[in-house]
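Asks: Contents of structure-v9.cif (mmCIF, C-alpha atoms and all ligand atoms) are given next:
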data_upload
#
loop_
_atom_site.label_atom_id
_atom_site.label_comp_id
_atom_site.auth_asym_id
_atom_site.auth_seq_id
_atom_site.Cartn_x
_atom_site.Cartn_y
_atom_site.Cartn_z
CA MET A 7 25.79 -16.89 2.81
CA THR A 8 23.40 -19.82 2.75
CA THR A 9 21.36 -20.67 -0.29
CA THR A 10 17.82 -22.04 -0.03
CA LEU A 11 16.05 -23.99 -2.75
CA TRP A 12 12.29 -23.84 -3.22
CA ARG A 13 11.29 -26.52 -5.69
CA HIS A 14 8.20 -27.98 -7.32
CA ALA A 15 6.48 -24.61 -7.30
CA HIS A 16 3.82 -23.35 -9.67
CA LEU A 17 5.51 -20.01 -10.24
CA VAL A 18 3.72 -16.78 -11.09
CA THR A 19 6.66 -14.43 -11.58
CA LEU A 20 4.92 -11.35 -13.07
CA ALA A 21 8.40 -10.60 -14.39
CA GLY A 22 7.46 -9.55 -17.93
CA PRO A 23 5.42 -6.51 -18.93
CA HIS A 24 2.29 -8.63 -19.52
CA GLY A 25 0.90 -11.98 -18.49
CA TRP A 26 1.27 -13.98 -15.30
CA GLY A 27 4.81 -15.10 -16.12
CA GLU A 28 3.72 -18.64 -15.23
CA ILE A 29 6.11 -21.56 -14.90
CA ALA A 30 4.05 -24.69 -14.19
CA ASP A 31 6.94 -26.64 -12.62
CA GLY A 32 9.48 -24.15 -11.38
CA ALA A 33 12.10 -23.54 -8.75
CA LEU A 34 13.61 -20.58 -6.97
CA LEU A 35 16.96 -20.16 -5.25
CA SER A 36 17.31 -17.49 -2.57
CA ARG A 37 20.59 -16.31 -1.18
CA ASP A 38 21.25 -13.57 1.36
CA GLY A 39 17.69 -12.33 1.14
CA ARG A 40 17.69 -12.00 -2.64
CA ILE A 41 16.48 -14.23 -5.44
CA ALA A 42 19.60 -15.84 -6.89
CA TRP A 43 17.82 -17.75 -9.64
CA VAL A 44 14.25 -18.52 -10.71
CA GLY A 45 13.19 -20.73 -13.59
CA ALA A 46 11.86 -24.04 -14.83
CA SER A 47 12.69 -27.21 -12.89
CA ALA A 48 14.19 -28.61 -16.08
CA ASP A 49 16.90 -25.92 -15.88
CA LEU A 50 17.54 -26.29 -12.15
CA HIS A 51 20.47 -28.69 -12.41
CA ALA A 52 22.45 -26.31 -14.56
CA ALA A 53 21.65 -23.46 -12.14
CA LEU A 54 22.78 -25.54 -9.15
CA ARG A 55 26.04 -26.51 -10.88
CA SER A 56 26.95 -22.85 -11.23
CA LEU A 57 26.52 -22.21 -7.48
CA PRO A 58 29.61 -21.90 -5.27
CA ALA A 59 27.92 -24.11 -2.64
CA GLN A 60 24.88 -26.36 -2.70
CA PRO A 61 21.64 -25.20 -0.97
CA ALA A 62 21.69 -25.62 2.79
CA GLU A 63 17.90 -25.92 2.86
CA VAL A 64 15.51 -27.46 0.36
CA HIS A 65 11.73 -26.98 0.46
CA ASP A 66 9.51 -29.08 -1.76
CA LEU A 67 6.32 -27.12 -2.38
CA GLY A 68 4.44 -30.01 -3.98
CA GLY A 69 3.20 -27.93 -6.90
CA ALA A 70 1.76 -25.10 -4.79
CA LEU A 71 1.30 -21.64 -6.29
CA LEU A 72 4.11 -19.19 -5.51
CA THR A 73 3.78 -15.44 -6.22
CA PRO A 74 5.70 -12.32 -5.28
CA GLY A 75 4.92 -11.01 -1.79
CA LEU A 76 1.93 -8.68 -1.77
CA ILE A 77 2.50 -4.94 -1.39
CA ASP A 78 -0.08 -2.62 0.14
CA CYS A 79 1.07 0.71 -1.26
CA HIS A 80 -1.47 3.03 0.42
CA THR A 81 -2.44 2.75 4.09
CA HIS A 82 -3.14 5.07 6.99
CA LEU A 83 -2.32 2.42 9.59
CA VAL A 84 -1.30 4.59 12.56
CA TYR A 85 -4.16 6.24 14.44
CA GLY A 86 -6.19 6.18 17.63
CA GLY A 87 -9.84 5.23 18.05
CA HIS A 88 -12.31 4.21 15.36
CA ARG A 89 -15.28 5.82 13.57
CA ALA A 90 -17.99 3.18 13.68
CA ASN A 91 -20.40 5.95 14.69
CA GLU A 92 -19.81 7.60 11.31
CA PHE A 93 -20.63 4.33 9.56
CA GLU A 94 -24.06 4.57 11.18
CA GLN A 95 -24.40 8.16 9.93
CA LEU A 96 -23.34 7.14 6.41
CA LEU A 97 -25.97 4.41 6.43
CA GLN A 98 -28.58 6.98 7.39
CA GLY A 99 -27.72 9.04 4.32
CA ALA A 100 -25.04 11.51 5.46
CA SER A 101 -22.16 11.90 3.03
CA TYR A 102 -18.45 11.61 3.89
CA ALA A 103 -18.09 15.33 3.14
CA ASP A 104 -21.12 16.21 5.35
CA ILE A 105 -19.58 14.33 8.27
CA ALA A 106 -16.20 16.04 7.73
CA ARG A 107 -17.76 19.50 7.53
CA ALA A 108 -19.68 18.84 10.76
CA GLY A 109 -16.36 18.32 12.58
CA GLY A 110 -16.20 14.53 12.34
CA GLY A 111 -14.13 12.72 9.79
CA ILE A 112 -10.36 13.02 9.78
CA ARG A 113 -10.41 15.58 12.61
CA ALA A 114 -12.19 13.12 14.93
CA THR A 115 -9.33 10.68 14.39
CA VAL A 116 -6.78 13.47 14.89
CA ALA A 117 -8.20 14.11 18.36
CA ALA A 118 -8.11 10.39 19.22
CA THR A 119 -4.59 10.02 17.84
CA ARG A 120 -3.21 12.97 19.77
CA ALA A 121 -4.78 11.56 22.95
CA ALA A 122 -3.31 8.07 22.42
CA SER A 123 0.00 7.07 24.02
CA ASP A 124 2.94 6.02 21.85
CA ALA A 125 2.47 2.47 23.13
CA ALA A 126 -1.22 2.45 22.21
CA LEU A 127 -0.49 3.80 18.72
CA LEU A 128 2.15 1.13 18.20
CA ALA A 129 -0.05 -1.67 19.52
CA GLY A 130 -2.97 -0.71 17.27
CA ALA A 131 -0.81 -0.33 14.19
CA GLU A 132 1.02 -3.58 14.89
CA ARG A 133 -2.24 -5.51 15.22
CA ARG A 134 -3.39 -4.10 11.87
CA ALA A 135 -0.07 -4.77 10.18
CA ARG A 136 -0.16 -8.39 11.36
CA ALA A 137 -3.63 -8.81 9.88
CA LEU A 138 -2.35 -7.58 6.51
CA MET A 139 0.71 -9.82 6.81
CA ALA A 140 -1.45 -12.89 7.41
CA GLU A 141 -2.63 -12.56 3.81
CA GLY A 142 0.85 -12.51 2.31
CA VAL A 143 1.67 -8.82 2.56
CA THR A 144 5.45 -8.31 2.79
CA THR A 145 5.68 -4.54 2.13
CA ILE A 146 3.39 -1.70 3.17
CA GLU A 147 3.31 2.04 2.93
CA ILE A 148 2.14 3.92 6.02
CA LYS A 149 1.06 7.56 5.89
CA SER A 150 0.99 10.02 8.73
CA GLY A 151 -1.85 12.52 8.64
CA TYR A 152 -3.67 12.03 11.94
CA GLY A 153 -1.18 13.99 14.03
CA LEU A 154 -1.21 17.30 12.12
CA SER A 155 1.44 18.96 14.28
CA ALA A 156 5.21 18.61 14.15
CA GLU A 157 5.21 16.60 17.36
CA HIS A 158 2.31 14.28 16.56
CA GLU A 159 3.23 13.73 12.92
CA ALA A 160 6.71 12.71 14.08
CA ARG A 161 5.19 10.35 16.64
CA CYS A 162 3.07 8.61 14.00
CA LEU A 163 5.96 8.32 11.54
CA ARG A 164 8.15 6.90 14.31
CA VAL A 165 5.54 4.22 14.93
CA ALA A 166 5.65 3.38 11.22
CA ARG A 167 9.44 3.04 11.39
CA GLN A 168 9.17 0.91 14.55
CA LEU A 169 6.83 -1.50 12.78
CA GLY A 170 9.42 -1.92 10.06
CA SER A 171 12.03 -2.93 12.60
CA ARG A 172 9.78 -5.11 14.82
CA LEU A 173 8.00 -7.08 12.10
CA ALA A 174 9.13 -9.13 9.11
CA LEU A 175 7.74 -6.40 6.92
CA THR A 176 9.20 -3.66 4.74
CA VAL A 177 7.62 -0.32 5.68
CA ARG A 178 7.78 2.86 3.61
CA SER A 179 6.60 5.95 5.43
CA THR A 180 4.88 8.91 3.82
CA ALA A 181 4.34 12.32 5.40
CA LEU A 182 0.71 13.27 4.78
CA SER A 183 0.64 16.32 7.04
CA ALA A 184 -1.52 18.15 4.48
CA HIS A 185 -4.38 15.73 5.12
CA ALA A 186 -6.85 17.99 6.93
CA LEU A 187 -6.87 21.31 8.72
CA PRO A 188 -6.22 20.84 12.47
CA PRO A 189 -8.55 22.78 14.81
CA GLU A 190 -5.83 25.22 15.92
CA TYR A 191 -5.58 26.47 12.31
CA ALA A 192 -9.35 26.74 11.67
CA GLY A 193 -9.97 29.28 8.90
CA ARG A 194 -6.21 29.60 8.22
CA PRO A 195 -5.32 26.85 5.75
CA ASP A 196 -2.45 28.83 4.18
CA ASP A 197 -0.87 29.33 7.59
CA TYR A 198 -1.18 25.61 8.25
CA ILE A 199 0.52 24.81 4.94
CA SER A 200 3.33 27.21 5.92
CA ALA A 201 3.70 25.28 9.17
CA VAL A 202 3.77 21.94 7.32
CA CYS A 203 6.44 23.24 4.94
CA ALA A 204 8.43 24.46 7.94
CA TRP A 205 8.35 21.15 9.85
CA LEU A 206 8.95 18.82 6.89
CA PRO A 207 12.73 19.34 6.87
CA GLY A 208 12.89 18.32 10.54
CA LEU A 209 10.88 15.13 9.90
CA ALA A 210 13.11 14.36 6.92
CA ALA A 211 16.28 15.03 8.95
CA GLN A 212 15.09 12.46 11.52
CA GLY A 213 14.91 9.91 8.71
CA LEU A 214 11.16 9.55 9.07
CA VAL A 215 10.03 10.35 5.52
CA ASP A 216 10.30 8.33 2.31
CA ALA A 217 7.72 10.37 0.37
CA VAL A 218 5.34 13.31 0.77
CA ASP A 219 1.58 13.19 0.12
CA ALA A 220 -1.34 15.63 0.37
CA PHE A 221 -5.13 15.52 0.15
CA CYS A 222 -6.09 17.82 -2.71
CA ASP A 223 -9.89 18.08 -2.79
CA ASN A 224 -12.81 20.32 -1.97
CA ILE A 225 -12.73 19.17 1.66
CA GLY A 226 -8.91 18.99 1.64
CA PHE A 227 -6.32 21.43 0.28
CA SER A 228 -6.37 23.47 -2.90
CA PRO A 229 -4.02 22.86 -5.83
CA ALA A 230 -2.09 26.03 -4.88
CA GLN A 231 -1.63 24.78 -1.31
CA THR A 232 -0.68 21.32 -2.58
CA ARG A 233 1.92 22.89 -4.86
CA ARG A 234 3.56 24.57 -1.86
CA VAL A 235 3.86 21.21 -0.12
CA PHE A 236 5.35 19.67 -3.28
CA GLU A 237 7.89 22.51 -3.52
CA ALA A 238 8.95 21.80 0.06
CA ALA A 239 9.30 18.09 -0.79
CA ARG A 240 11.29 18.87 -3.91
CA ALA A 241 13.67 21.08 -1.93
CA LEU A 242 14.33 18.05 0.30
CA GLY A 243 14.74 15.69 -2.65
CA LEU A 244 11.70 13.67 -1.55
CA PRO A 245 9.31 12.05 -4.05
CA VAL A 246 5.64 13.02 -3.96
CA LYS A 247 2.28 11.25 -4.19
CA LEU A 248 -1.23 12.68 -4.08
CA HIS A 249 -4.74 11.87 -2.89
CA ALA A 250 -6.20 13.23 -6.12
CA GLU A 251 -9.63 13.48 -7.69
CA GLN A 252 -11.32 11.38 -4.98
CA LEU A 253 -14.42 13.54 -4.47
CA SER A 254 -13.99 16.22 -7.18
CA ASP A 255 -11.71 17.09 -10.11
CA GLN A 256 -9.21 19.68 -8.88
CA GLY A 257 -6.59 18.94 -11.52
CA GLY A 258 -4.54 17.39 -8.72
CA ALA A 259 -3.24 14.45 -10.74
CA ALA A 260 -1.83 16.74 -13.45
CA LEU A 261 -0.27 18.93 -10.77
CA ALA A 262 1.34 15.90 -9.09
CA ALA A 263 2.49 14.50 -12.43
CA GLY A 264 4.26 17.82 -13.01
CA TYR A 265 6.35 16.97 -9.94
CA GLY A 266 7.06 13.47 -11.27
CA ALA A 267 4.74 11.92 -8.68
CA LEU A 268 5.32 8.26 -7.86
CA SER A 269 1.54 7.85 -7.77
CA CYS A 270 -1.82 9.56 -7.81
CA ASP A 271 -4.36 7.78 -5.67
CA HIS A 272 -8.20 7.35 -5.67
CA LEU A 273 -8.92 9.09 -9.04
CA GLU A 274 -12.69 8.52 -9.29
CA HIS A 275 -13.05 12.05 -10.76
CA LEU A 276 -9.94 11.96 -12.95
CA GLY A 277 -10.41 13.50 -16.41
CA PRO A 278 -8.58 13.02 -19.71
CA ALA A 279 -5.98 15.73 -19.01
CA GLY A 280 -5.05 14.02 -15.74
CA VAL A 281 -4.75 10.64 -17.45
CA ALA A 282 -2.47 12.10 -20.13
CA ALA A 283 -0.29 13.89 -17.56
CA MET A 284 0.10 10.73 -15.49
CA ALA A 285 1.00 8.72 -18.57
CA SER A 286 3.74 11.11 -19.58
CA ALA A 287 5.14 11.37 -16.03
CA GLY A 288 5.03 7.60 -15.47
CA SER A 289 2.94 8.04 -12.29
CA VAL A 290 1.13 4.96 -11.01
CA ALA A 291 -2.67 5.12 -10.61
CA VAL A 292 -3.39 3.67 -7.16
CA LEU A 293 -6.95 2.37 -7.14
CA LEU A 294 -8.69 2.10 -3.80
CA PRO A 295 -11.86 0.05 -4.18
CA GLY A 296 -12.30 -0.24 -0.40
CA ALA A 297 -13.05 3.48 -0.04
CA PHE A 298 -15.27 3.37 -3.14
CA HIS A 299 -17.21 0.47 -1.64
CA PHE A 300 -17.40 1.84 1.91
CA LEU A 301 -18.61 5.29 0.83
CA ARG A 302 -21.01 3.65 -1.67
CA GLU A 303 -19.57 5.79 -4.45
CA THR A 304 -21.02 5.37 -7.92
CA ARG A 305 -18.52 7.21 -10.07
CA LEU A 306 -15.84 4.83 -11.29
CA PRO A 307 -12.22 5.79 -11.87
CA PRO A 308 -11.54 5.96 -15.64
CA ILE A 309 -10.05 2.46 -15.87
CA ALA A 310 -10.38 2.07 -19.63
CA ALA A 311 -8.69 5.42 -20.25
CA LEU A 312 -5.87 4.62 -17.81
CA ARG A 313 -5.39 1.23 -19.44
CA ALA A 314 -5.43 2.72 -22.96
CA ALA A 315 -2.86 5.36 -21.95
CA GLY A 316 -0.59 2.71 -20.47
CA VAL A 317 -0.75 4.13 -16.93
CA PRO A 318 0.31 1.37 -14.50
CA MET A 319 -2.51 0.59 -12.08
CA ALA A 320 -1.96 -0.46 -8.46
CA VAL A 321 -4.53 -1.69 -5.94
CA ALA A 322 -4.30 -0.94 -2.22
CA THR A 323 -6.42 -1.09 0.93
CA ASP A 324 -6.31 2.64 1.84
CA HIS A 325 -6.80 1.22 5.34
CA ASN A 326 -8.10 4.09 7.49
CA PRO A 327 -10.82 4.45 10.12
CA GLY A 328 -13.04 6.76 8.08
CA SER A 329 -13.42 5.54 4.52
CA SER A 330 -11.80 2.13 4.27
CA PRO A 331 -11.64 0.17 7.53
CA THR A 332 -10.49 -3.02 5.82
CA LEU A 333 -7.46 -5.16 6.59
CA SER A 334 -7.71 -7.43 3.57
CA LEU A 335 -5.67 -6.68 0.48
CA LEU A 336 -7.02 -9.87 -1.11
CA LEU A 337 -10.54 -8.51 -0.73
CA MET A 338 -9.36 -5.35 -2.53
CA LEU A 339 -8.17 -7.52 -5.43
CA HIS A 340 -11.64 -9.00 -5.63
CA LEU A 341 -13.34 -5.59 -5.46
CA ALA A 342 -10.94 -4.12 -8.03
CA CYS A 343 -12.13 -6.80 -10.44
CA ASN A 344 -15.78 -6.79 -9.56
CA LEU A 345 -16.32 -3.03 -9.07
CA PHE A 346 -13.62 -1.53 -11.32
CA ARG A 347 -13.46 -4.33 -13.92
CA LEU A 348 -9.76 -5.00 -13.63
CA THR A 349 -8.73 -8.43 -14.81
CA PRO A 350 -7.45 -10.76 -12.06
CA GLU A 351 -3.99 -10.40 -13.60
CA GLU A 352 -4.20 -6.59 -13.47
CA ALA A 353 -5.36 -6.81 -9.87
CA LEU A 354 -2.45 -9.05 -8.78
CA ARG A 355 0.02 -6.94 -10.74
CA GLY A 356 -1.55 -3.98 -8.92
CA ALA A 357 -0.67 -5.44 -5.52
CA THR A 358 2.84 -6.50 -6.57
CA VAL A 359 4.70 -5.00 -9.55
CA HIS A 360 2.80 -1.73 -9.80
CA ALA A 361 2.48 -1.31 -6.04
CA ALA A 362 6.27 -1.57 -5.82
CA GLN A 363 6.56 1.11 -8.49
CA ALA A 364 4.16 3.36 -6.55
CA LEU A 365 6.60 3.17 -3.61
CA GLY A 366 9.74 3.75 -5.67
CA LEU A 367 10.69 0.09 -5.19
CA GLY A 368 10.05 -0.96 -8.77
CA ALA A 369 13.56 -2.29 -9.36
CA SER A 370 13.86 -4.37 -6.18
CA HIS A 371 10.39 -5.63 -5.24
CA GLY A 372 7.14 -6.82 -6.78
CA ALA A 373 8.25 -9.59 -9.14
CA LEU A 374 10.13 -12.89 -9.00
CA ALA A 375 13.38 -12.31 -10.86
CA ALA A 376 17.05 -12.82 -10.12
CA GLY A 377 18.47 -9.95 -8.06
CA ARG A 378 15.17 -8.90 -6.51
CA VAL A 379 14.41 -9.20 -2.82
CA ALA A 380 13.25 -12.74 -1.97
CA ASP A 381 9.74 -11.81 -0.80
CA PHE A 382 7.20 -14.40 -1.86
CA VAL A 383 4.05 -16.23 -0.85
CA VAL A 384 2.99 -19.86 -1.16
CA TRP A 385 -0.75 -20.24 -1.66
CA ASP A 386 -3.28 -23.04 -1.42
CA ALA A 387 -4.47 -22.32 -4.95
CA ASP A 388 -4.24 -23.90 -8.38
CA HIS A 389 -4.53 -20.75 -10.46
CA PRO A 390 -3.39 -17.16 -9.75
CA ALA A 391 -6.84 -15.79 -10.64
CA GLU A 392 -8.09 -17.52 -7.47
CA LEU A 393 -6.45 -14.76 -5.41
CA ALA A 394 -8.97 -12.26 -6.79
CA TYR A 395 -11.83 -14.71 -7.28
CA GLY A 396 -12.49 -15.58 -3.65
CA PHE A 397 -13.64 -12.97 -1.18
CA GLY A 398 -13.35 -13.31 2.56
CA VAL A 399 -11.04 -16.24 1.81
CA ASN A 400 -7.38 -16.46 2.81
CA PRO A 401 -5.44 -19.14 0.93
CA CYS A 402 -2.06 -17.91 2.20
CA ARG A 403 -0.03 -20.91 3.34
CA ARG A 404 3.44 -19.55 3.89
CA VAL A 405 5.20 -16.20 3.59
CA VAL A 406 8.89 -15.73 2.88
CA ARG A 407 10.32 -12.30 3.47
CA ALA A 408 13.90 -11.50 2.47
CA GLY A 409 14.49 -15.24 2.11
CA LEU A 410 13.25 -16.14 5.59
CA THR A 411 10.06 -18.04 6.29
CA ARG A 412 7.41 -16.33 8.29
CA HIS A 413 4.85 -18.83 9.56
CA GLN A 414 1.41 -17.72 10.73
CA PRO A 415 2.18 -14.10 11.69
CA LEU A 416 -1.06 -13.71 13.63
CA SER A 417 -0.22 -16.52 16.04
CA GLN A 418 3.21 -15.20 16.98
CA SER A 419 3.24 -13.66 20.40
CA HIS A 420 6.61 -12.00 19.79
CA PRO A 421 7.72 -10.32 16.61
CA PRO A 422 10.42 -12.21 14.74
N1 LIG B 501 -8.89 10.07 1.62
C1 LIG B 501 -9.13 8.91 2.21
O1 LIG B 501 -9.70 7.97 1.73
C2 LIG B 501 -8.55 8.94 3.56
N2 LIG B 501 -7.87 10.18 3.53
C3 LIG B 501 -8.14 10.83 2.43
O2 LIG B 501 -7.70 11.93 2.17
C4 LIG B 501 -9.64 8.93 4.58
C5 LIG B 501 -9.19 9.45 5.90
C6 LIG B 501 -10.25 9.43 6.96
O3 LIG B 501 -11.46 9.59 6.68
O4 LIG B 501 -9.88 9.27 8.13
FE FE B 502 -5.89 7.43 1.62
#
I need this file expressed as structure tokens, please.
Ligand code: DI6
Ligand code: FE
Replies:
Amino acid sequence: MTTTLWRHAHLVTLAGPHGWGEIADGALLSRDGRIAWVGASADLHAALRSLPAQPAEVHDLGGALLTPGLIDCHTHLVYGGHRANEFEQLLQGASYADIARAGGGIRATVAATRAASDAALLAGAERRARALMAEGVTTIEIKSGYGLSAEHEARCLRVARQLGSRLALTVRSTALSAHALPPEYAGRPDDYISAVCAWLPGLAAQGLVDAVDAFCDNIGFSPAQTRRVFEAARALGLPVKLHAEQLSDQGGAALAAGYGALSCDHLEHLGPAGVAAMASAGSVAVLLPGAFHFLRETRLPPIAALRAAGVPMAVATDHNPGSSPTLSLLLMLHLACNLFRLTPEEALRGATVHAAQALGLGASHGALAAGRVADFVVWDADHPAELAYGFGVNPCRRVVRAGLTRHQPLSQSHPP
């Protein structure tokens, strides 16, 4: 029941619907992993007087910038191998779809993932998670989708759950079994979808699934197949998300919105009907500038239309070995501004408030406000726009997760 005081902070709370929510000289009290109070230093004495006991620990931040912990709401962190060879092919002019149709792409990673031991999958995912954490990430989503059988999907989701218990990190796991067609179902996509729908209840019963996702595209699954997966999720009471309109407009976002999707992700080919459907369902648009950059795409997601319709926009790494092998969420903030023309405030909101919403954690995470989880980051920065302004720069000084300080995650030899 100890209370900790963080004082002399330049707070960026992001607590209101717009603006940074800046408090130039602020303080924050954390208690039992939650934020007990946050406000201006001038009001601190009154806040302290109302406490049952005085803070056991006091940290003077010397005016440093303090923001909510970053949230990476779309990653494919658990897999075997890498696809650097495909990067060479992409540079020689092959397209992502060409490589996938020739038997590379997701299926190459499926083979490597199935061949990897549990220990190797965990070690690789943990190394990647620690790299994200070193930049102030306190919550991540991890998708399955490189196992593509009941056994291997469960293995990957178990690794995701293990990361959440080994590391000072909140992990949400998403079943993306409808990611690609595994070789044993070649030419039989409907049979594969039947299999996915049949094994989902087992994965859910093992407590491995927080949400269900699918890849609805011309090299993925059709809207009708996606709908079957969503029906299976609905029967289990699980929320859905969708890889939608990444390479073509299949009407996936509107389909997902019809199921109250938490988010629709990628969206380069999203049209007006999809934007309107997402707005009325309250689905978050998860923008993935890493994949856009890596695949040298030229068609931009309809940012102005999303903004005008009031669709909340999130920004994530989409970390995966095939289209976004990045481990820097801060770099994604920069690219979201420079490539997609988000404002630095939209970008930071996209990796905090709106990312939380995309994971169904909108009431507990993503902003600095009393009652929320005490996840925050202290930065060597004067202004919050600096987080998106630099690229290849990591100004993260200190990370606090659930009220506890996490120093230098990369240098720890043992998980906290
Ligand atoms: N879209 C993506 O960006 C990832 N999955 C998907 O459906 C890429 C996955 C991969 O290429 O391994
Ligand atoms: Fe993805």
Asks: Where does chain A meet ligand FE 502 (chain B) within 10 Å, residue by residue, with the nearest atom pair and distance in Å to one decimal for each, counting all atoms listed in the file, listed by chain and rising number, as CSV?
Replies:
residue,atom,partner,partner_atom,distance
A:His80,CA,B:FE502,FE,6.4
A:Thr81,CA,B:FE502,FE,6.3
A:His82,CA,B:FE502,FE,6.5
A:Ile148,CA,B:FE502,FE,9.8
A:Lys149,CA,B:FE502,FE,8.2
A:Gly151,CA,B:FE502,FE,9.6
A:Leu182,CA,B:FE502,FE,9.4
A:His185,CA,B:FE502,FE,9.1
A:Asp219,CA,B:FE502,FE,9.6
A:Ala220,CA,B:FE502,FE,9.5
A:Phe221,CA,B:FE502,FE,8.3
A:Leu248,CA,B:FE502,FE,9.0
A:His249,CA,B:FE502,FE,6.4
A:Ala250,CA,B:FE502,FE,9.7
A:Gln252,CA,B:FE502,FE,9.4
A:Asp271,CA,B:FE502,FE,7.5
A:His272,CA,B:FE502,FE,7.6
A:Val292,CA,B:FE502,FE,9.9
A:Leu294,CA,B:FE502,FE,8.1
A:Ala297,CA,B:FE502,FE,8.3
A:Ala322,CA,B:FE502,FE,9.3
A:Thr323,CA,B:FE502,FE,8.6
A:Asp324,CA,B:FE502,FE,4.8
A:His325,CA,B:FE502,FE,7.3
A:Asn326,CA,B:FE502,FE,7.1
A:Gly328,CA,B:FE502,FE,9.7
A:Ser329,CA,B:FE502,FE,8.3
A:Ser330,CA,B:FE502,FE,8.4
Asks: By how many Å are CA of His371 (chain A) and CA of Val359 (chain A) apart?
Replies: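 Those two atoms sit 7.2 Å apart.
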Asks: Quote the spacing between CA of Ala21 (chain A) and CA of Pro318 (chain A) in Å to one decimal place.
Replies: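 For CA of Ala21 (chain A) relative to CA of Pro318 (chain A), the distance reads 14.4 Å.
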Asks: When distances are computed from all atoms listed in the file, which of A:Leu83, A:Ala160, A:Leu71, A:Ala53 shows the smallest separation from Ile29 (chain A)?
Replies: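 Comparing A:Leu83, A:Ala160, A:Leu71, A:Ala53 against Ile29 (chain A), the winner is A:Leu71.
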Asks: Which distance in Å separates CA of Ala357 (chain A) and CA of Arg161 (chain A), to one decimal?
Replies: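 Pair CA of Ala357 (chain A) / CA of Arg161 (chain A) returns 27.8 Å.
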Asks: Taking 6 positions as the minimum chain separation for residues in the same chain, which residues sit within 7 Å of Val44 (chain A) when counting only C-alpha atoms? Answer as an mmCIF file with C-alpha atoms, keeping the file's coordinate frame.
Replies:
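Resulting contents of selection.cif:
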data_model
loop_
_atom_site.group_PDB
_atom_site.id
_atom_site.type_symbol
_atom_site.label_atom_id
_atom_site.label_comp_id
_atom_site.auth_asym_id
_atom_site.auth_seq_id
_atom_site.Cartn_x
_atom_site.Cartn_y
_atom_site.Cartn_z
ATOM 1 C CA ALA A 33 12.100 -23.540 -8.750
ATOM 2 C CA LEU A 34 13.610 -20.580 -6.970
ATOM 3 C CA LEU A 35 16.960 -20.160 -5.250
ATOM 4 C CA ALA A 375 13.380 -12.310 -10.860
ATOM 5 C CA ALA A 376 17.050 -12.820 -10.120
#
Asks: The residues within 12 Å of (-15.0, 14.7, 10.0), using all atoms listed in the file and the coordinates of the file, should be reported as number ranges by chain; which are they?
Replies: A: 89, 91-93, 95-96, 100-117, 152, 185-189, 225-226, 327-329
Asks: Only C-alpha atoms, please: the residues just picked out, written as a CSV table (one decimal), keeping the file's coordinate frame.
Replies:
chain,number,residue,atom,x,y,z
A,89,ARG,CA,-15.3,5.8,13.6
A,91,ASN,CA,-20.4,6.0,14.7
A,92,GLU,CA,-19.8,7.6,11.3
A,93,PHE,CA,-20.6,4.3,9.6
A,95,GLN,CA,-24.4,8.2,9.9
A,96,LEU,CA,-23.3,7.1,6.4
A,100,ALA,CA,-25.0,11.5,5.5
A,101,SER,CA,-22.2,11.9,3.0
A,102,TYR,CA,-18.4,11.6,3.9
A,103,ALA,CA,-18.1,15.3,3.1
A,104,ASP,CA,-21.1,16.2,5.4
A,105,ILE,CA,-19.6,14.3,8.3
A,106,ALA,CA,-16.2,16.0,7.7
A,107,ARG,CA,-17.8,19.5,7.5
A,108,ALA,CA,-19.7,18.8,10.8
A,109,GLY,CA,-16.4,18.3,12.6
A,110,GLY,CA,-16.2,14.5,12.3
A,111,GLY,CA,-14.1,12.7,9.8
A,112,ILE,CA,-10.4,13.0,9.8
A,113,ARG,CA,-10.4,15.6,12.6
A,114,ALA,CA,-12.2,13.1,14.9
A,115,THR,CA,-9.3,10.7,14.4
A,116,VAL,CA,-6.8,13.5,14.9
A,117,ALA,CA,-8.2,14.1,18.4
A,152,TYR,CA,-3.7,12.0,11.9
A,185,HIS,CA,-4.4,15.7,5.1
A,186,ALA,CA,-6.8,18.0,6.9
A,187,LEU,CA,-6.9,21.3,8.7
A,188,PRO,CA,-6.2,20.8,12.5
A,189,PRO,CA,-8.6,22.8,14.8
A,225,ILE,CA,-12.7,19.2,1.7
A,226,GLY,CA,-8.9,19.0,1.6
A,327,PRO,CA,-10.8,4.4,10.1
A,328,GLY,CA,-13.0,6.8,8.1
A,329,SER,CA,-13.4,5.5,4.5
Asks: Identify, on the basis of only C-alpha atoms, every residue whose closest approach to Leu206 (chain A) does not exceed 10 Å; exclude the query and any residue fewer than 4 positions from it along the same chain; express the result as a list in words.
Replies: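 Counting only the stated atoms, we get Ala156, Glu159, Ala160, Ala181, Ser183, Ala201, Val202, Ala210, Ala211, Gln212, Leu214, Val215, Val218, Val235, Ala238, Ala239 and Leu242 of chain A.
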Asks: Write a file of the just-selected residues containing C-alpha atoms, as a compact mmCIF listing (two decimals), keeping the file's coordinate frame.
Replies:
# COMPACT_ATOMS: atom_id res chain seq x y z
CA ALA A 156 5.21 18.61 14.15
CA GLU A 159 3.23 13.73 12.92
CA ALA A 160 6.71 12.71 14.08
CA ALA A 181 4.34 12.32 5.40
CA SER A 183 0.64 16.32 7.04
CA ALA A 201 3.70 25.28 9.17
CA VAL A 202 3.77 21.94 7.32
CA ALA A 210 13.11 14.36 6.92
CA ALA A 211 16.28 15.03 8.95
CA GLN A 212 15.09 12.46 11.52
CA LEU A 214 11.16 9.55 9.07
CA VAL A 215 10.03 10.35 5.52
CA VAL A 218 5.34 13.31 0.77
CA VAL A 235 3.86 21.21 -0.12
CA ALA A 238 8.95 21.80 0.06
CA ALA A 239 9.30 18.09 -0.79
CA LEU A 242 14.33 18.05 0.30
